Amino acid sequence: HQKSLQHTDVTVFVREGSDEWTAVDSMSGTCKPGKPGKAYRASDLKAVVEGLKAGVTYQAKVSVKNACGWGAHSAESERLRLDTLRPKAAAAPALEGVSESSLRVRWTLPPVHQENLQHTNVTVFVRE
């Protein structure tokens with residue numbers, strides 16, 4: 001590859017279910033139906049698409065540009081249903097008596113789906 005033909009831009013396309021492909025605007029991270037969308041820098045290697053619907057399955061594909069123009073679209077991504085990103089249930093907690101009137105609750109967090117979806121909170125419920 002020649003240095004003058006470095007990839008400069010990428011357009012990200014997303015589709016809901018089997019609907020038409022929609023370009024994603026790099027300035028807002030939202031889909032722009034019927035509009036070309038603004039391209040991401042090729043060096044970014046990722047894009048966050050916002051404003052999608054929970055419980056819906058999505059796919060993505062990209063098109064890359066260099067000094068000679070836009071290339072063909074990539075193969076389509078795997079399908080991803082957004083509600084599958086919620087954490088799985090934690091394993092059953094372990095209890096340890098600390099005193100006559102207190103106990104310690106220990107738990108193990110479920111696996112994290114993606115690095116940007118780290119677990120942020122845990123709610124502990126206790127009953128007699």
# chains A, B, ... in the order shown; residues from 1 in each chain; ligands from 1
call {"tool": "closest_atom_pairs", "arguments": {"of": "stretch 21-92 of chain A", "to": "stretch 118-124 of chain A", "cutoff": "12 Å", "atoms": "only C-alpha atoms", "output": "Markdown table"}}
result
| residue | atom | partner | partner_atom | distance |
| --- | --- | --- | --- | --- |
| A:Leu85 | CA | A:Gln118 | CA | 10.8 |
| A:Arg86 | CA | A:His119 | CA | 9.7 |
| A:Pro87 | CA | A:His119 | CA | 7.7 |
| A:Lys88 | CA | A:His119 | CA | 10.6 |
| A:Ala89 | CA | A:Val122 | CA | 10.9 |
| A:Ala90 | CA | A:Val122 | CA | 9.6 |
| A:Ala92 | CA | A:Val124 | CA | 11.3 |
call {"tool": "write_last_selection", "arguments": {"atoms": "all heavy atoms", "output": "JSON list (two decimals), in the first residue's frame"}}
result
[["chain", "number", "residue", "atom", "x", "y", "z"],
["A", 85, "LEU", "N", -27.26, -7.16, 26.51],
["A", 85, "LEU", "CA", -26.10, -6.55, 27.16],
["A", 85, "LEU", "C", -26.30, -6.31, 28.64],
["A", 85, "LEU", "O", -25.38, -5.96, 29.35],
["A", 85, "LEU", "CB", -25.75, -5.24, 26.46],
["A", 85, "LEU", "CG", -25.34, -5.39, 25.00],
["A", 85, "LEU", "CD1", -25.04, -4.02, 24.40],
["A", 85, "LEU", "CD2", -24.14, -6.29, 24.88],
["A", 86, "ARG", "N", -27.53, -6.50, 29.13],
["A", 86, "ARG", "CA", -27.75, -6.37, 30.57],
["A", 86, "ARG", "C", -26.98, -7.47, 31.27],
["A", 86, "ARG", "O", -26.82, -8.57, 30.74],
["A", 86, "ARG", "CB", -29.24, -6.50, 30.87],
["A", 86, "ARG", "CG", -30.02, -5.33, 30.37],
["A", 86, "ARG", "CD", -31.45, -5.38, 30.85],
["A", 86, "ARG", "NE", -32.16, -4.23, 30.34],
["A", 86, "ARG", "CZ", -33.40, -4.26, 29.93],
["A", 86, "ARG", "NH1", -34.09, -5.37, 29.99],
["A", 86, "ARG", "NH2", -33.97, -3.17, 29.47],
["A", 87, "PRO", "N", -26.50, -7.20, 32.48],
["A", 87, "PRO", "CA", -25.71, -8.24, 33.16],
["A", 87, "PRO", "C", -26.55, -9.46, 33.49],
["A", 87, "PRO", "O", -27.74, -9.38, 33.75],
["A", 87, "PRO", "CB", -25.22, -7.55, 34.43],
["A", 87, "PRO", "CG", -25.99, -6.29, 34.56],
["A", 87, "PRO", "CD", -26.61, -5.98, 33.25],
["A", 88, "LYS", "N", -25.88, -10.61, 33.46],
["A", 88, "LYS", "CA", -26.52, -11.85, 33.90],
["A", 88, "LYS", "C", -26.62, -11.79, 35.42],
["A", 88, "LYS", "O", -25.99, -10.97, 36.07],
["A", 88, "LYS", "CB", -25.69, -13.04, 33.47],
["A", 88, "LYS", "CG", -25.41, -13.08, 31.98],
["A", 88, "LYS", "CD", -25.89, -14.36, 31.38],
["A", 88, "LYS", "CE", -25.55, -14.45, 29.92],
["A", 88, "LYS", "NZ", -26.52, -13.92, 29.04],
["A", 89, "ALA", "N", -27.40, -12.69, 36.00],
["A", 89, "ALA", "CA", -27.53, -12.72, 37.46],
["A", 89, "ALA", "C", -26.21, -13.11, 38.09],
["A", 89, "ALA", "O", -25.47, -13.94, 37.55],
["A", 89, "ALA", "CB", -28.62, -13.71, 37.86],
["A", 90, "ALA", "N", -25.91, -12.51, 39.22],
["A", 90, "ALA", "CA", -24.72, -12.90, 39.99],
["A", 90, "ALA", "C", -24.96, -14.28, 40.58],
["A", 90, "ALA", "O", -26.10, -14.72, 40.74],
["A", 90, "ALA", "CB", -24.46, -11.88, 41.10],
["A", 92, "ALA", "N", -25.19, -17.04, 43.60],
["A", 92, "ALA", "CA", -25.79, -16.89, 44.93],
["A", 92, "ALA", "C", -24.74, -16.36, 45.90],
["A", 92, "ALA", "O", -23.60, -16.84, 45.92],
["A", 92, "ALA", "CB", -26.32, -18.23, 45.41]]
call {"tool": "select_by_dssp", "arguments": {"residues": "chain A", "states": "strand (DSSP E)", "output": "JSON, numbers by chain"}}
result
{"A": [9, 10, 11, 12, 13, 14, 15, 16, 22, 23, 40, 41, 57, 58, 59, 60, 61, 62, 63, 64, 65, 66, 69, 70, 71, 72, 73, 80, 81, 94, 95, 96, 97, 98, 99, 102, 103, 104, 105, 106]}
call {"tool": "atom_distance", "arguments": {"atom1": "atom CA of A:His73", "atom2": "atom CA of A:Gly51"}}
result
23.1 Å
call {"tool": "residues_around", "arguments": {"residues": "A:Asp19", "least_positions_apart": "2", "cutoff": "12 Å", "atoms": "only C-alpha atoms", "output": "list in words"}}
result
Phe13, Val14, Arg15, Glu16, Gly17, Trp21, Thr22, Pro33, Val56, Thr57, Tyr58, Gln59 and Ala60 of chain A
call {"tool": "write_last_selection", "arguments": {"atoms": "all heavy atoms", "output": "compact mmCIF listing (two decimals), in the first residue's frame"}}
result
# COMPACT_ATOMS: atom_id res chain seq x y z
N PHE A 13 -22.60 2.17 8.79
CA PHE A 13 -24.01 1.97 8.46
C PHE A 13 -24.60 0.98 9.45
O PHE A 13 -23.96 -0.01 9.80
CB PHE A 13 -24.17 1.39 7.05
CG PHE A 13 -23.64 2.29 5.97
CD1 PHE A 13 -22.31 2.23 5.59
CD2 PHE A 13 -24.47 3.20 5.34
CE1 PHE A 13 -21.81 3.06 4.59
CE2 PHE A 13 -23.99 4.03 4.35
CZ PHE A 13 -22.66 3.96 3.97
N VAL A 14 -25.81 1.24 9.92
CA VAL A 14 -26.49 0.37 10.88
C VAL A 14 -27.88 0.08 10.34
O VAL A 14 -28.49 0.92 9.69
CB VAL A 14 -26.60 1.06 12.26
CG1 VAL A 14 -27.42 0.25 13.24
CG2 VAL A 14 -25.21 1.31 12.83
N ARG A 15 -28.37 -1.12 10.64
CA ARG A 15 -29.76 -1.40 10.29
C ARG A 15 -30.44 -2.16 11.42
O ARG A 15 -29.83 -2.94 12.14
CB ARG A 15 -29.89 -2.14 8.97
CG ARG A 15 -29.56 -3.60 9.01
CD ARG A 15 -29.93 -4.19 7.67
NE ARG A 15 -29.44 -5.56 7.56
CZ ARG A 15 -29.52 -6.25 6.46
NH1 ARG A 15 -30.04 -5.72 5.37
NH2 ARG A 15 -29.07 -7.48 6.42
N GLU A 16 -31.71 -1.87 11.56
CA GLU A 16 -32.57 -2.47 12.57
C GLU A 16 -33.26 -3.66 11.92
O GLU A 16 -33.94 -3.52 10.91
CB GLU A 16 -33.60 -1.44 13.02
CG GLU A 16 -34.56 -1.90 14.06
CD GLU A 16 -35.55 -0.81 14.44
OE1 GLU A 16 -35.13 0.36 14.59
OE2 GLU A 16 -36.74 -1.13 14.58
N GLY A 17 -33.04 -4.86 12.50
CA GLY A 17 -33.65 -6.06 11.93
C GLY A 17 -33.23 -6.23 10.48
O GLY A 17 -32.05 -6.28 10.18
N TRP A 21 -30.29 -0.03 5.32
CA TRP A 21 -29.09 0.46 5.98
C TRP A 21 -29.18 1.98 6.13
O TRP A 21 -29.63 2.67 5.21
CB TRP A 21 -27.85 0.10 5.17
CG TRP A 21 -27.57 -1.37 5.18
CD1 TRP A 21 -27.89 -2.27 4.21
CD2 TRP A 21 -26.94 -2.10 6.22
NE1 TRP A 21 -27.50 -3.52 4.59
CE2 TRP A 21 -26.90 -3.45 5.81
CE3 TRP A 21 -26.41 -1.77 7.46
CZ2 TRP A 21 -26.34 -4.45 6.59
CZ3 TRP A 21 -25.85 -2.77 8.24
CH2 TRP A 21 -25.82 -4.09 7.81
N THR A 22 -28.72 2.49 7.28
CA THR A 22 -28.75 3.92 7.55
C THR A 22 -27.35 4.36 7.96
O THR A 22 -26.72 3.73 8.81
CB THR A 22 -29.73 4.23 8.70
OG1 THR A 22 -31.01 3.72 8.34
CG2 THR A 22 -29.84 5.72 8.95
N PRO A 33 -31.50 8.66 8.74
CA PRO A 33 -32.19 8.02 7.63
C PRO A 33 -32.24 8.92 6.40
O PRO A 33 -32.54 10.10 6.50
CB PRO A 33 -33.60 7.77 8.18
CG PRO A 33 -33.45 7.81 9.66
CD PRO A 33 -32.32 8.76 9.94
N VAL A 56 -34.17 -4.58 20.37
CA VAL A 56 -34.16 -4.69 18.91
C VAL A 56 -32.81 -5.24 18.47
O VAL A 56 -31.77 -4.96 19.08
CB VAL A 56 -34.42 -3.31 18.26
CG1 VAL A 56 -34.28 -3.36 16.75
CG2 VAL A 56 -35.81 -2.81 18.64
N THR A 57 -32.81 -6.02 17.41
CA THR A 57 -31.58 -6.60 16.86
C THR A 57 -31.00 -5.67 15.79
O THR A 57 -31.74 -5.18 14.93
CB THR A 57 -31.87 -7.98 16.25
OG1 THR A 57 -32.39 -8.82 17.29
CG2 THR A 57 -30.61 -8.61 15.69
N TYR A 58 -29.69 -5.43 15.86
CA TYR A 58 -29.01 -4.54 14.92
C TYR A 58 -27.84 -5.23 14.25
O TYR A 58 -27.29 -6.19 14.79
CB TYR A 58 -28.50 -3.29 15.65
CG TYR A 58 -29.59 -2.36 16.08
CD1 TYR A 58 -30.14 -2.46 17.35
CD2 TYR A 58 -30.09 -1.39 15.22
CE1 TYR A 58 -31.17 -1.61 17.76
CE2 TYR A 58 -31.11 -0.54 15.62
CZ TYR A 58 -31.64 -0.66 16.89
OH TYR A 58 -32.65 0.18 17.27
N GLN A 59 -27.47 -4.71 13.09
CA GLN A 59 -26.26 -5.11 12.38
C GLN A 59 -25.54 -3.84 11.94
O GLN A 59 -26.14 -2.77 11.90
CB GLN A 59 -26.60 -5.90 11.12
CG GLN A 59 -26.96 -7.33 11.35
CD GLN A 59 -27.16 -8.03 10.03
OE1 GLN A 59 -28.17 -7.83 9.38
NE2 GLN A 59 -26.20 -8.84 9.62
N ALA A 60 -24.27 -3.99 11.58
CA ALA A 60 -23.50 -2.84 11.08
C ALA A 60 -22.59 -3.30 9.94
O ALA A 60 -22.28 -4.49 9.80
CB ALA A 60 -22.67 -2.22 12.20
call {"tool": "atom_distance", "arguments": {"atom1": "atom CA of A:Arg41", "atom2": "atom CA of A:Val24"}}
result
12.9 Å
call {"tool": "residues_around", "arguments": {"residues": "A:Gly55", "least_positions_apart": "5", "cutoff": "7 Å", "atoms": "only C-alpha atoms", "output": "PyMOL selection string"}}
result
chain A and resi 81-83
call {"tool": "closest_residue", "arguments": {"among": "A:Gly97, A:Leu80, A:Gly69, A:Ser26", "to": "A:Ala54", "atoms": "only C-alpha atoms"}}
result
A:Leu80
call {"tool": "closest_atom_pairs", "arguments": {"of": "stretch 30-126 of chain A", "to": "stretch 7-12 of chain A", "cutoff": "10 Å", "atoms": "only C-alpha atoms", "output": "CSV"}}
result
residue,atom,partner,partner_atom,distance
A:Cys31,CA,A:Val12,CA,9.4
A:Pro36,CA,A:Thr11,CA,8.6
A:Gly37,CA,A:Thr11,CA,7.4
A:Lys38,CA,A:Thr11,CA,7.2
A:Ala39,CA,A:Thr11,CA,4.7
A:Tyr40,CA,A:Val10,CA,5.1
A:Arg41,CA,A:Asp9,CA,4.6
A:Ala42,CA,A:Asp9,CA,4.6
A:Ser43,CA,A:Thr8,CA,7.5
A:Asp44,CA,A:Val10,CA,9.0
A:Leu45,CA,A:Val10,CA,8.7
A:Lys46,CA,A:Val12,CA,9.2
A:Ala47,CA,A:Val12,CA,7.7
A:Val48,CA,A:Val12,CA,9.9
A:Val49,CA,A:Val12,CA,9.1
A:Ala60,CA,A:Val12,CA,7.0
A:Lys61,CA,A:Val12,CA,6.1
A:Val62,CA,A:Val12,CA,4.6
A:Ser63,CA,A:Thr11,CA,5.3
A:Val64,CA,A:Val10,CA,4.5
A:Lys65,CA,A:Asp9,CA,5.1
A:Asn66,CA,A:His7,CA,4.5
A:Ala67,CA,A:His7,CA,7.7
A:Cys68,CA,A:His7,CA,9.7
A:Gly69,CA,A:His7,CA,9.6
A:Trp70,CA,A:Val10,CA,8.7
A:Gly71,CA,A:Val10,CA,9.6
A:His73,CA,A:Thr11,CA,9.2
A:Ser74,CA,A:Val12,CA,9.9
call {"tool": "atom_distance", "arguments": {"atom1": "atom CA of A:Pro110", "atom2": "atom CA of A:Glu128"}}
result
25.7 Å
